[in-house]
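S.K.: protein30.txt (compact mmCIF, C-alpha atoms) pasted underneath:
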# COMPACT_ATOMS: atom_id res chain seq x y z
CA MET A 18 -75.18 19.12 63.28
CA ASP A 19 -72.64 21.95 63.56
CA ILE A 20 -72.13 24.76 66.04
CA TYR A 21 -74.55 26.97 64.12
CA GLN A 22 -77.51 24.65 64.65
CA THR A 23 -76.66 23.70 68.24
CA SER A 24 -75.51 27.02 69.68
CA ILE A 25 -75.83 29.96 67.30
CA ARG A 26 -79.26 29.42 65.74
CA PRO A 27 -81.17 29.20 69.05
CA LEU A 28 -79.79 32.62 69.98
CA LEU A 29 -80.39 34.17 66.58
CA PHE A 30 -83.96 32.91 66.42
CA LYS A 31 -84.83 34.91 69.51
CA ALA A 32 -84.44 38.06 67.39
CA ASP A 33 -86.98 39.54 64.98
CA PRO A 34 -86.47 37.83 61.59
CA GLU A 35 -86.35 40.97 59.48
CA TRP A 36 -84.01 42.80 61.86
CA LEU A 37 -81.73 39.77 61.87
CA HIS A 38 -81.80 39.63 58.07
CA HIS A 39 -80.63 43.24 57.81
CA GLN A 40 -77.87 42.63 60.36
CA THR A 41 -76.69 39.62 58.34
CA LEU A 42 -76.39 41.74 55.20
CA ARG A 43 -74.48 44.39 57.16
CA LEU A 44 -72.10 41.71 58.43
CA LEU A 45 -71.55 40.45 54.89
CA GLY A 46 -70.65 43.97 53.82
CA TRP A 47 -68.06 44.12 56.58
CA LEU A 48 -66.65 40.69 55.72
CA ASP A 49 -66.24 41.90 52.16
CA SER A 50 -63.82 44.61 53.24
CA THR A 51 -60.43 42.82 53.13
CA HIS A 52 -58.50 40.25 51.13
CA TRP A 53 -57.66 38.33 54.29
CA LEU A 54 -61.32 37.83 55.26
CA HIS A 55 -62.14 36.64 51.76
CA THR A 56 -59.37 34.08 52.01
CA ARG A 57 -60.58 32.81 55.40
CA LEU A 58 -64.16 32.54 54.17
CA GLN A 59 -63.05 30.61 51.12
CA SER A 60 -61.03 28.13 53.17
CA SER A 61 -64.05 27.45 55.42
CA PHE A 62 -66.95 27.43 53.00
CA CYS A 63 -65.78 26.84 49.43
CA LEU A 64 -65.41 23.59 47.58
CA SER A 65 -64.28 23.54 43.96
CA ASP A 66 -64.43 20.41 41.84
CA ALA A 67 -64.60 20.08 38.06
CA ARG A 68 -67.40 17.54 38.38
CA LEU A 69 -69.67 20.23 39.85
CA GLU A 70 -69.13 22.72 37.03
CA GLN A 71 -71.61 23.40 34.23
CA THR A 72 -71.88 25.83 31.36
CA LEU A 73 -75.39 27.05 30.60
CA TRP A 74 -76.22 29.83 28.13
CA GLY A 75 -72.49 30.39 27.66
CA VAL A 76 -72.10 31.13 31.38
CA ASN A 77 -69.84 28.99 33.57
CA PHE A 78 -71.31 27.95 36.92
CA PRO A 79 -68.60 26.60 39.26
CA ASN A 80 -71.19 24.60 41.18
CA PRO A 81 -74.99 24.15 40.94
CA ILE A 82 -76.00 25.79 44.24
CA GLY A 83 -77.16 29.38 44.06
CA LEU A 84 -78.57 31.95 46.43
CA ALA A 85 -82.27 32.41 45.70
CA ALA A 86 -83.80 35.80 45.00
CA GLY A 87 -85.22 37.60 48.02
CA PHE A 88 -82.21 37.27 50.30
CA ASP A 89 -80.09 40.05 48.80
CA LYS A 90 -82.53 42.42 47.11
CA ASP A 91 -80.18 45.37 46.71
CA GLY A 92 -76.91 43.56 45.98
CA ALA A 93 -75.37 44.27 49.38
CA GLY A 94 -73.39 41.02 49.34
CA THR A 95 -72.65 40.76 45.62
CA ARG A 96 -68.92 40.23 46.07
CA ILE A 97 -69.17 37.88 49.05
CA TRP A 98 -71.54 35.11 47.90
CA GLY A 99 -68.85 33.27 45.97
CA ALA A 100 -66.56 33.36 49.01
CA VAL A 101 -69.16 31.54 51.14
CA GLY A 102 -69.45 28.70 48.66
CA PHE A 103 -72.22 29.60 46.23
CA GLY A 104 -71.87 28.81 42.54
CA PHE A 105 -74.07 31.77 41.61
CA ALA A 106 -76.33 34.33 43.26
CA GLU A 107 -79.61 35.88 42.18
CA LEU A 108 -80.17 39.46 43.34
CA GLY A 109 -83.55 41.13 43.78
CA THR A 110 -86.41 41.04 43.40
CA VAL A 111 -85.78 44.55 42.11
CA THR A 112 -88.49 46.86 40.79
CA TYR A 113 -88.22 49.84 38.45
CA LYS A 114 -89.34 52.19 41.21
CA ALA A 115 -87.99 52.02 44.76
CA GLN A 116 -90.63 50.87 47.23
CA PRO A 117 -90.87 50.16 50.96
CA GLY A 118 -92.85 46.92 50.64
CA ASN A 119 -95.73 45.85 52.84
CA PRO A 120 -96.30 46.97 56.45
CA ARG A 121 -94.39 45.17 59.21
CA PRO A 122 -94.36 42.57 60.62
CA ARG A 123 -94.02 40.75 57.30
CA LEU A 124 -91.50 37.94 57.87
CA PHE A 125 -92.20 34.97 60.15
CA ARG A 126 -90.53 31.68 61.04
CA LEU A 127 -92.67 28.52 61.11
CA LEU A 128 -90.30 26.56 63.33
CA GLU A 129 -92.22 23.28 63.48
CA ASP A 130 -92.30 23.16 59.68
CA LYS A 131 -88.74 24.44 59.03
CA ALA A 132 -90.39 27.11 56.91
CA ILE A 133 -90.66 30.86 56.48
CA LEU A 134 -93.79 32.87 55.73
CA ASN A 135 -93.14 36.22 54.09
CA ARG A 136 -95.21 39.04 52.68
CA MET A 137 -92.35 41.46 52.14
CA GLY A 138 -93.86 42.97 48.99
CA PHE A 139 -90.72 43.56 46.91
CA ASN A 140 -89.14 46.05 49.33
CA ASN A 141 -86.05 47.35 47.52
CA SER A 142 -84.16 50.49 46.57
CA GLY A 143 -85.09 50.31 42.90
CA ALA A 144 -83.40 49.33 39.66
CA GLU A 145 -81.34 52.50 39.34
CA ALA A 146 -79.82 52.07 42.81
CA LEU A 147 -78.97 48.42 42.07
CA ALA A 148 -77.43 49.43 38.73
CA ASN A 149 -75.25 51.99 40.49
CA ARG A 150 -74.15 49.46 43.10
CA LEU A 151 -73.30 46.78 40.53
CA SER A 152 -71.43 49.30 38.38
CA GLN A 153 -69.34 50.26 41.41
CA VAL A 154 -68.63 46.61 42.22
CA SER A 155 -67.61 46.01 38.61
CA SER A 156 -65.25 48.98 38.57
CA GLN A 157 -63.63 47.92 41.84
CA GLY A 158 -63.23 44.33 40.74
CA LEU A 159 -63.87 41.23 42.78
CA VAL A 160 -61.64 40.81 45.82
CA VAL A 161 -60.32 37.26 45.61
CA THR A 162 -57.13 35.68 46.85
CA PRO A 163 -55.84 32.42 45.33
CA PRO A 164 -55.27 29.62 47.84
CA ARG A 165 -51.82 29.42 49.36
CA GLN A 166 -49.69 26.34 49.03
CA GLY A 167 -51.02 23.54 51.22
CA GLU A 168 -54.44 25.07 51.93
CA ALA A 169 -56.36 22.48 49.93
CA LYS A 170 -57.73 19.60 52.00
CA GLU A 171 -55.77 16.38 52.11
CA GLY A 172 -56.93 13.61 49.82
CA SER A 173 -58.64 16.01 47.41
CA ASP A 174 -56.19 16.58 44.59
CA ASN A 175 -58.92 17.91 42.30
CA LYS A 176 -60.50 20.13 44.99
CA GLN A 177 -59.26 23.64 45.66
CA LEU A 178 -60.53 27.00 46.80
CA THR A 179 -62.64 28.83 44.27
CA THR A 180 -61.07 32.06 43.01
CA ASP A 181 -63.34 33.18 40.19
CA LYS A 182 -66.25 35.60 40.11
CA ILE A 183 -69.54 33.73 40.25
CA PRO A 184 -72.43 34.44 37.87
CA ILE A 185 -74.90 37.03 39.09
CA GLY A 186 -78.57 36.80 38.17
CA ILE A 187 -81.07 39.63 38.56
CA ASN A 188 -84.70 38.98 39.45
CA LEU A 189 -87.11 41.57 38.03
CA GLY A 190 -90.51 42.39 39.53
CA LYS A 191 -93.31 44.86 38.87
CA SER A 192 -93.51 48.07 40.87
CA LYS A 193 -96.60 48.03 43.08
CA VAL A 194 -97.78 51.44 41.88
CA THR A 195 -97.63 50.40 38.23
CA PRO A 196 -101.01 49.24 36.83
CA LEU A 197 -101.07 45.68 35.54
CA GLU A 198 -101.74 46.89 32.00
CA GLU A 199 -98.43 48.82 32.11
CA ALA A 200 -96.42 45.91 33.54
CA ALA A 201 -94.38 45.31 30.37
CA ALA A 202 -93.07 48.88 30.38
CA ASP A 203 -92.20 48.59 34.07
CA TYR A 204 -90.17 45.39 33.61
CA LEU A 205 -88.56 46.90 30.53
CA GLY A 206 -87.47 49.99 32.46
CA SER A 207 -85.62 47.84 34.99
CA PHE A 208 -84.07 45.66 32.30
CA ARG A 209 -82.72 48.67 30.38
CA LEU A 210 -80.91 49.88 33.49
CA LEU A 211 -79.50 46.48 34.43
CA LYS A 212 -79.09 44.49 31.21
CA ASP A 213 -75.31 44.98 31.03
CA LEU A 214 -74.77 44.14 34.70
CA GLY A 215 -76.30 40.67 35.13
CA ASP A 216 -75.28 37.31 33.73
CA TYR A 217 -78.93 36.22 33.50
CA PHE A 218 -82.35 37.70 34.28
CA VAL A 219 -85.53 36.30 35.78
CA VAL A 220 -89.03 37.67 35.19
CA ASN A 221 -90.83 37.28 38.51
CA VAL A 222 -94.58 37.10 37.93
CA SER A 223 -95.26 34.65 40.74
CA SER A 224 -94.83 36.40 44.08
CA PRO A 225 -98.08 36.31 46.07
CA ASN A 226 -97.25 39.58 47.82
CA THR A 227 -97.89 42.16 45.09
CA PRO A 228 -101.61 42.58 44.28
CA GLY A 229 -102.51 41.01 40.93
CA LEU A 230 -98.95 39.99 40.08
CA ARG A 231 -99.70 36.30 39.70
CA SER A 232 -102.28 37.09 37.01
CA LEU A 233 -99.30 38.01 34.81
CA GLN A 234 -98.48 34.29 34.61
CA ASP A 235 -101.38 34.02 32.19
CA ALA A 236 -99.82 33.34 28.80
CA ALA A 237 -101.39 36.36 27.10
CA GLN A 238 -100.20 38.75 29.81
CA LEU A 239 -96.75 37.20 30.10
CA ALA A 240 -96.23 37.29 26.34
CA GLY A 241 -96.28 41.09 26.29
CA ILE A 242 -93.63 41.27 29.01
CA VAL A 243 -91.17 38.78 27.54
CA GLU A 244 -91.62 40.11 24.02
CA ALA A 245 -90.69 43.62 25.20
CA LEU A 246 -87.63 42.30 27.04
CA GLN A 247 -86.42 40.16 24.15
CA GLN A 248 -86.72 43.09 21.75
CA GLU A 249 -84.48 45.10 24.07
CA ASN A 250 -82.13 42.15 24.67
CA ASP A 251 -79.51 43.07 22.10
CA ALA A 252 -76.76 41.25 24.02
CA ARG A 253 -78.92 38.11 24.12
CA LYS A 254 -78.68 37.76 27.88
CA PRO A 255 -80.44 34.65 29.22
CA ILE A 256 -83.98 35.54 30.36
CA LEU A 257 -85.97 33.08 32.46
CA VAL A 258 -89.42 33.20 34.03
CA LYS A 259 -90.18 32.27 37.65
CA ILE A 260 -93.48 30.50 38.25
CA ALA A 261 -95.65 29.72 41.26
CA PRO A 262 -96.01 26.18 42.62
CA ASP A 263 -99.77 26.65 42.83
CA LEU A 264 -100.39 26.74 39.06
CA GLU A 265 -102.43 23.94 37.51
CA TRP A 266 -100.67 21.66 35.02
CA ASP A 267 -102.34 23.24 31.97
CA ALA A 268 -101.22 26.71 33.09
CA ILE A 269 -97.65 25.46 33.50
CA ALA A 270 -97.87 23.92 30.03
CA ASP A 271 -98.92 27.33 28.68
CA VAL A 272 -95.86 28.95 30.28
CA ILE A 273 -93.64 26.26 28.74
CA ASN A 274 -95.09 26.93 25.30
CA LEU A 275 -94.59 30.65 25.73
CA ALA A 276 -91.00 30.12 26.88
CA GLN A 277 -90.30 28.11 23.77
CA THR A 278 -92.07 30.59 21.47
CA TYR A 279 -90.08 33.57 22.78
CA GLN A 280 -86.85 31.62 23.15
CA LEU A 281 -86.58 32.13 26.88
CA ALA A 282 -83.50 30.57 28.48
CA GLY A 283 -85.36 28.54 31.08
CA ILE A 284 -87.80 28.42 33.98
CA VAL A 285 -87.27 28.94 37.70
CA ALA A 286 -89.46 26.49 39.62
CA THR A 287 -90.79 27.57 42.01
CA ASN A 288 -91.72 30.63 44.03
CA THR A 289 -93.38 30.45 47.45
CA THR A 290 -96.75 28.77 47.95
CA ILE A 291 -100.02 30.19 49.25
CA ARG A 292 -101.25 26.75 50.30
CA ARG A 293 -101.67 26.16 54.02
CA ASP A 294 -102.51 22.45 54.18
CA ASN A 295 -100.48 19.95 56.22
CA LEU A 296 -98.67 22.59 58.26
CA LYS A 297 -97.56 21.63 61.75
CA THR A 298 -97.32 25.25 62.88
CA GLN A 299 -100.83 26.45 63.66
CA HIS A 300 -100.22 29.96 64.96
CA ILE A 301 -97.74 32.75 64.22
CA GLN A 302 -95.97 33.45 67.48
CA ALA A 303 -95.34 37.12 66.68
CA THR A 304 -99.00 37.93 65.98
CA GLY A 305 -100.92 35.17 67.74
CA LYS A 306 -103.00 34.63 64.61
CA PRO A 307 -103.55 31.25 62.92
CA VAL A 308 -101.23 30.67 59.98
CA SER A 309 -104.31 30.25 57.78
CA GLU A 310 -105.23 33.90 58.43
CA GLU A 311 -101.80 35.36 57.70
CA ALA A 312 -101.21 36.53 54.14
CA GLY A 313 -97.97 35.70 52.37
CA GLY A 314 -96.01 32.94 50.70
CA ILE A 315 -94.46 29.95 52.44
CA SER A 316 -91.00 28.60 51.65
CA GLY A 317 -88.99 25.74 53.08
CA VAL A 318 -89.88 22.12 53.76
CA PRO A 319 -93.65 22.44 53.00
CA LEU A 320 -92.73 23.52 49.45
CA ARG A 321 -90.22 20.75 48.76
CA GLN A 322 -92.44 18.06 47.23
CA ARG A 323 -94.56 20.34 45.05
CA SER A 324 -91.60 22.23 43.62
CA THR A 325 -89.98 18.91 42.68
CA GLU A 326 -93.21 17.79 41.00
CA VAL A 327 -93.25 20.98 38.92
CA ILE A 328 -89.59 20.53 37.97
CA ARG A 329 -90.28 16.96 36.86
CA PHE A 330 -93.29 18.05 34.79
CA ILE A 331 -91.34 20.80 32.99
CA TYR A 332 -88.42 18.48 32.29
CA GLN A 333 -90.67 15.78 30.88
CA GLN A 334 -92.75 18.19 28.81
CA THR A 335 -89.63 19.71 27.23
CA GLN A 336 -87.60 16.48 26.95
CA GLY A 337 -84.95 18.24 29.00
CA GLN A 338 -84.39 20.92 26.39
CA LEU A 339 -85.36 23.87 28.59
CA PRO A 340 -83.00 24.42 31.53
CA ILE A 341 -84.63 24.59 34.97
CA ILE A 342 -83.46 26.30 38.15
CA GLY A 343 -85.04 24.34 40.99
CA VAL A 344 -85.87 26.00 44.30
CA GLY A 345 -88.00 25.01 47.26
CA GLY A 346 -87.20 23.18 50.49
CA ILE A 347 -83.56 22.29 49.86
CA PHE A 348 -81.79 21.58 53.16
CA THR A 349 -79.59 18.55 52.43
CA ALA A 350 -77.65 16.85 49.65
CA GLU A 351 -80.56 14.40 49.34
CA ASP A 352 -82.96 17.30 48.73
CA ALA A 353 -80.61 18.78 46.14
CA TRP A 354 -80.11 15.44 44.42
CA GLU A 355 -83.89 14.93 44.23
CA LYS A 356 -84.33 18.27 42.43
CA ILE A 357 -81.41 17.66 40.07
CA THR A 358 -82.46 14.15 39.10
CA ALA A 359 -86.02 15.41 38.57
CA GLY A 360 -84.63 17.80 35.95
CA ALA A 361 -83.07 20.89 37.54
CA SER A 362 -79.70 21.89 36.11
CA LEU A 363 -79.18 24.43 38.89
CA ILE A 364 -80.74 24.78 42.33
CA GLN A 365 -81.22 27.66 44.77
CA VAL A 366 -81.51 27.94 48.53
CA TYR A 367 -82.86 30.53 50.95
CA THR A 368 -84.87 29.04 53.84
CA GLY A 369 -82.46 26.12 54.18
CA LEU A 370 -79.61 28.59 54.65
CA VAL A 371 -81.53 30.28 57.48
CA TYR A 372 -82.16 27.00 59.31
CA GLU A 373 -78.97 25.08 58.48
CA GLY A 374 -76.40 27.86 58.55
CA PRO A 375 -73.49 28.93 56.32
CA TRP A 376 -71.80 25.50 56.17
CA MET A 377 -74.87 24.04 54.45
CA VAL A 378 -73.62 24.83 50.94
CA ARG A 379 -70.34 22.96 51.40
CA ARG A 380 -72.11 19.99 53.03
CA ILE A 381 -74.50 19.74 50.08
CA LEU A 382 -71.67 19.94 47.55
CA GLU A 383 -69.74 17.21 49.37
CA GLY A 384 -72.91 15.09 49.40
CA LEU A 385 -73.47 15.61 45.68
CA LEU A 386 -69.91 14.51 44.90
CA HIS A 387 -70.47 11.40 46.98
CA LYS A 388 -73.62 10.60 45.03
CA LEU A 389 -71.80 11.06 41.73
CA GLU A 390 -69.08 8.67 42.90
CA GLU A 391 -71.63 6.09 44.07
CA ARG A 392 -73.26 6.06 40.64
CA GLY A 393 -70.11 6.24 38.54
CA LEU A 394 -71.02 9.64 37.09
CA PHE A 395 -68.37 12.13 36.03
CA SER A 396 -70.30 15.41 36.18
CA ILE A 397 -73.36 16.90 37.82
CA ALA A 398 -74.77 17.53 34.34
CA GLU A 399 -75.01 13.76 33.85
CA ALA A 400 -77.36 13.55 36.83
CA VAL A 401 -79.89 16.08 35.53
CA GLY A 402 -83.19 14.32 34.86
CA ARG A 403 -81.67 10.95 35.77
CA GLU A 404 -84.29 9.74 38.26
CA GLU A 405 -83.75 6.27 39.62
For the structure just supplied, provide its representation as structure tokens.

M.R.:
Amino acid sequence: MDIYQTSIRPLLFKADPEWLHHQTLRLLGWLDSTHWLHTRLQSSFCLSDARLEQTLWGVNFPNPIGLAAGFDKDGAGTRIWGAVGFGFAELGTVTYKAQPGNPRPRLFRLLEDKAILNRMGFNNSGAEALANRLSQVSSQGLVVTPPRQGEAKEGSDNKQLTTDKIPIGINLGKSKVTPLEEAAADYLGSFRLLKDLGDYFVVNVSSPNTPGLRSLQDAAQLAGIVEALQQENDARKPILVKIAPDLEWDAIADVINLAQTYQLAGIVATNTTIRRDNLKTQHIQATGKPVSEEAGGISGVPLRQRSTEVIRFIYQQTQGQLPIIGVGGIFTAEDAWEKITAGASLIQVYTGLVYEGPWMVRRILEGLLHKLEERGLFSIAEAVGREE
């Protein structure tokens, strides 16, 4: 355990979760302000090693750990995520129309379960605002400072500070006011504004917090959305779909078939779960209500096993030919290794970052390198789907 878990987290967790989230994003914006701060962040949090690199869809990922969608909806920390160790970051969920999301309170910690329950409802400033922000970031360039002589750790000749811009994904959702039958046009509107500004895109049809959204996972409904996006996708940007962990196997198989038919780049597995079984936390402290009566999706440890099962199923059904981004309950290198060996080429974290703190990414990367060394593997790509 580090100072975050022993001293900082207990203090932070006394604050309202959503207020604290906004303050974190404001802090990241401040940290992004100077070259010197970038350099200090890199020396503390970053770990670069050729064995962790992968190229998917023609995009180079310096390491397999990404920031999951939902943390940085409006791209406030776009230029900072690489400096705190991430190999990529997924912004959003962004909707075509700006929207405030669901009424507060809407974000809760389930401390006994190391989980989060949220019903945020795609609160964001809209696709146009995100496009303007990303265009400004692009014009300013990424503030990075190469490591000075002697800053690399001893005994790590092939490890150095990362200095390159990380890939940025954009997670697209449906505006709440848009009828389900007009969903394709809504997703398309966002994609048109953002298609030149992201390295990959994710169609989010699996959040439980927008009425009716999960019905769009039905193959017939989803087909209209992805067909519209692919017709617009003149630059052939990678487009993935994000699915819920609560789908039955036949429904997941339908999504796989659709992904293959429309030449989608991959699947993100999985979103939050609406299941409430086997939770240790019985009541939400902020409301006094039983967890079973609180709407929203749960992330963190309770999601870990099911998301891995879904990853394994997709990998097996596609013989490893459809890349998977695995997300759900990743806190340690062991958790990450489990997802990767089940079939995930890349993984994402959110709840683990909240509970474990900013040094979590580096600890996981160090653990993954150790596992590669133990097994005589030369790259993280060799471990994908290699269950023991």

S.K.: Quick one: residues within 8 Å of Gln299 in chain A, all atoms listed in the file counted, chain neighbours fewer than 6 positions away excluded, as an NGL selection string?

M.R.: :A and (307-309)

S.K.: Using all atoms listed in the file, which residues of range 218-336 of chain A come within 10 Å of range 72-89 of chain A, and what is the closest atom pair for each, with the distance in Å to one decimal? Give it as a tab-separated table, sorted by chain and residue number.

M.R.:
residue	atom	partner	partner_atom	distance
A:Val219	CA	A:Ala86	CA	9.4
A:Asn221	CA	A:Ala86	CA	9.7
A:Arg253	CA	A:Trp74	CA	9.6
A:Lys254	CA	A:Trp74	CA	8.3
A:Pro255	CA	A:Trp74	CA	6.5
A:Ile256	CA	A:Trp74	CA	9.9
A:Ala282	CA	A:Trp74	CA	7.3
A:Gly283	CA	A:Trp74	CA	9.7
A:Asn288	CA	A:Ala86	CA	9.5

S.K.: Any idea what the distance is between CA of Gly109 in chain A and CA of Ile185 in chain A?

M.R.: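 Separating CA of Gly109 in chain A from CA of Ile185 in chain A is a distance of 10.7 Å.
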
S.K.: With range 377-386 of chain A as the partner and 9 Å as the cut-off, tabulate the residues of range 51-115 of chain A that qualify, each row holding the nearest pair of atoms and their distance in Å to one decimal, using all atoms listed in the file, sorted by chain and rising number, as CSV.

M.R.:
residue,atom,partner,partner_atom,distance
A:Ser61,CA,A:Arg379,CA,8.7
A:Phe62,CA,A:Arg379,CA,5.8
A:Cys63,CA,A:Arg379,CA,6.3
A:Leu64,CA,A:Arg379,CA,6.3
A:Ser65,CA,A:Leu382,CA,9.0
A:Asp66,CA,A:Leu386,CA,8.6
A:Arg68,CA,A:Leu386,CA,7.6
A:Leu69,CA,A:Leu386,CA,7.6
A:Asn80,CA,A:Leu382,CA,7.9
A:Pro81,CA,A:Leu382,CA,8.5
A:Ile82,CA,A:Val378,CA,7.2
A:Gly83,CA,A:Val378,CA,9.0
A:Val101,CA,A:Val378,CA,8.1
A:Gly102,CA,A:Val378,CA,6.1
A:Phe103,CA,A:Val378,CA,6.8

S.K.: Select, from A:His387, A:Arg136, A:Arg403, A:Lys306, the residue with the minimum atom-to-atom distance to Gln333 in chain A, counting only C-alpha atoms.

M.R.: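 Looking at the shortest contact to Gln333 in chain A, the residue is A:Arg403.
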
S.K.: In Å, how far is it from CA of Ala106 in chain A to CA of Asp19 in chain A?

M.R.: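 Answer for the CA of Ala106 in chain A to CA of Asp19 in chain A separation: 24.1 Å.
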
S.K.: Which residue, A:Pro262, A:Pro122, A:Gly99, A:Gly345, has the smallest gap to Ala303 in chain A when you use only C-alpha atoms?

M.R.: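 Nearest candidate to Ala303 in chain A out of A:Pro262, A:Pro122, A:Gly99, A:Gly345: A:Pro122.
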
S.K.: Mind checking which residues fall within 7 Å of range 35-44 of chain A, counting all atoms listed in the file, ignoring those fewer than 5 positions away in the same chain, and posting them as a PDB file with C-alpha atoms, in the frame of the given file?

M.R.:
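And here's result38.pdb as it stands now:
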ATOM      1  CA  ALA A  93     -75.370  44.270  49.380  1.00  0.00           C
ATOM      2  CA  GLY A  94     -73.390  41.020  49.340  1.00  0.00           C
ATOM      3  CA  LEU A 124     -91.500  37.940  57.870  1.00  0.00           C
TER       4      LEU A 124
END

S.K.: Find the distance between CA of Asp203 in chain A and CA of Ser152 in chain A and write it in Å to one decimal.

M.R.: 21.2 Å

S.K.: Calculated over all atoms listed in the file, which of the candidates A:Gly343, A:Gly313, A:Gly369, A:Gly374 has the smallest distance to Gly402 in chain A?

M.R.: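 Of the candidates, the smallest distance to Gly402 in chain A is held by A:Gly343.
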